[in-house]
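Working notes, structure below.
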Amino acid sequence: MPVHVRIYSRAACSLCDKVLDVVASAGERFPIEVEVVDIDRDPALKAEYDAEIPVVEVNDREIARYHLTLERLLRAIQANL
């Protein structure tokens, strides 16, 4: 069963693009299901995360805000396999 990775993001976000690259690299190593949530489409999410994106969750548990290393993501994925 793949591990679920959720990224709270928005368009034109360079930090979000970097996190997406890290997640793509992890997806080459482990089975993951990626969900990208555009916070600008939901007023409640925008209010909660507006200045703190990207936010990354693995199986509904937050593991990072702003920056994410491949090593950190791989550890979180392995812990959920």
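We name chains A, B, ... following the order of the structure tokens; residues begin at 1 in each chain, and ligands are numbered from 1 as shown.
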Applying 9 Å and only C-alpha atoms, which residues near Ala76 of chain A remain after dropping the ones on its own chain fewer than 5 positions away? List them as a list in words. Val58, Ile63 and Glu71 of chain A
As a ChimeraX atom specification, please: every residue in chain A that DSSP puts in strand (DSSP E). /A:3-9,32-38,55-58,61-65
Find the spatial neighbours of Pro2 of chain A, counting only C-alpha atoms, within a cut-off of 12 Å - ignore same-chain residues fewer than 6 positions away - and output them as a PyMOL selection string. chain A and resi 26-27+29-34+58-59+77-78+80-81
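Going from atom CA of Glu28 of chain A over to atom CA of Tyr49 of chain A, you cover 28.1 Å.
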All helix (DSSP H, G or I) residues (DSSP, backbone) inside segment 7-80 of chain A, as a compact mmCIF listing (two decimals) with C-alpha atoms, in the first residue's frame:
# COMPACT_ATOMS: atom_id res chain seq x y z
CA SER A 14 9.20 28.46 -5.56
CA LEU A 15 9.53 26.68 -2.20
CA CYS A 16 6.56 24.51 -3.18
CA ASP A 17 8.25 23.62 -6.45
CA LYS A 18 11.38 22.52 -4.57
CA VAL A 19 9.32 20.36 -2.21
CA LEU A 20 7.54 18.79 -5.18
CA ASP A 21 10.94 17.87 -6.64
CA VAL A 22 11.91 16.20 -3.34
CA VAL A 23 8.64 14.28 -3.27
CA ALA A 24 9.14 13.15 -6.88
CA SER A 25 12.60 11.84 -5.96
CA ALA A 26 11.13 9.89 -3.04
CA GLY A 27 8.50 8.47 -5.38
CA ILE A 39 -4.72 26.46 -0.38
CA ASP A 40 -6.01 29.38 -2.44
CA ARG A 41 -9.06 27.29 -3.43
CA PRO A 43 -10.61 30.02 2.42
CA ALA A 44 -10.13 27.98 5.61
CA LEU A 45 -6.88 26.44 4.34
CA LYS A 46 -5.66 29.81 3.11
CA ALA A 47 -6.32 31.31 6.54
CA GLU A 48 -4.49 28.45 8.23
CA TYR A 49 -1.45 28.09 5.95
CA LEU A 70 14.91 14.07 0.84
CA GLU A 71 16.37 12.35 3.89
CA ARG A 72 13.61 13.63 6.17
CA LEU A 73 10.91 12.57 3.74
CA LEU A 74 12.44 9.11 3.22
CA ARG A 75 12.58 8.55 6.99
CA ALA A 76 8.91 9.51 7.32
CA ILE A 77 7.92 7.25 4.44
CA GLN A 78 9.90 4.30 5.80
CA ALA A 79 8.29 4.77 9.22
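As for atom CA of Asp42 of chain A and atom CA of Val3 of chain A, they are spaced 24.4 Å apart.
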8 Å contact set for Val36 of chain A, only C-alpha atoms, chain neighbours under 4 positions out, as a PyMOL selection string: chain A and resi 6-9
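Atom to atom, atom CA of Met1 of chain A and atom CA of Val37 of chain A stand 21.3 Å apart.
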Go through A:Glu35, A:His4, A:Cys13, A:Thr69 one by one, measure the shortest atom-to-atom distance of each to Pro54 of chain A using only C-alpha atoms, and give the residue with the smallest value. A:Cys13
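Candidate residues A:Leu68, A:Val55, A:Val5, A:Ala11 were compared for distance to Asp38 of chain A, and the nearest is A:Ala11, using only C-alpha atoms.
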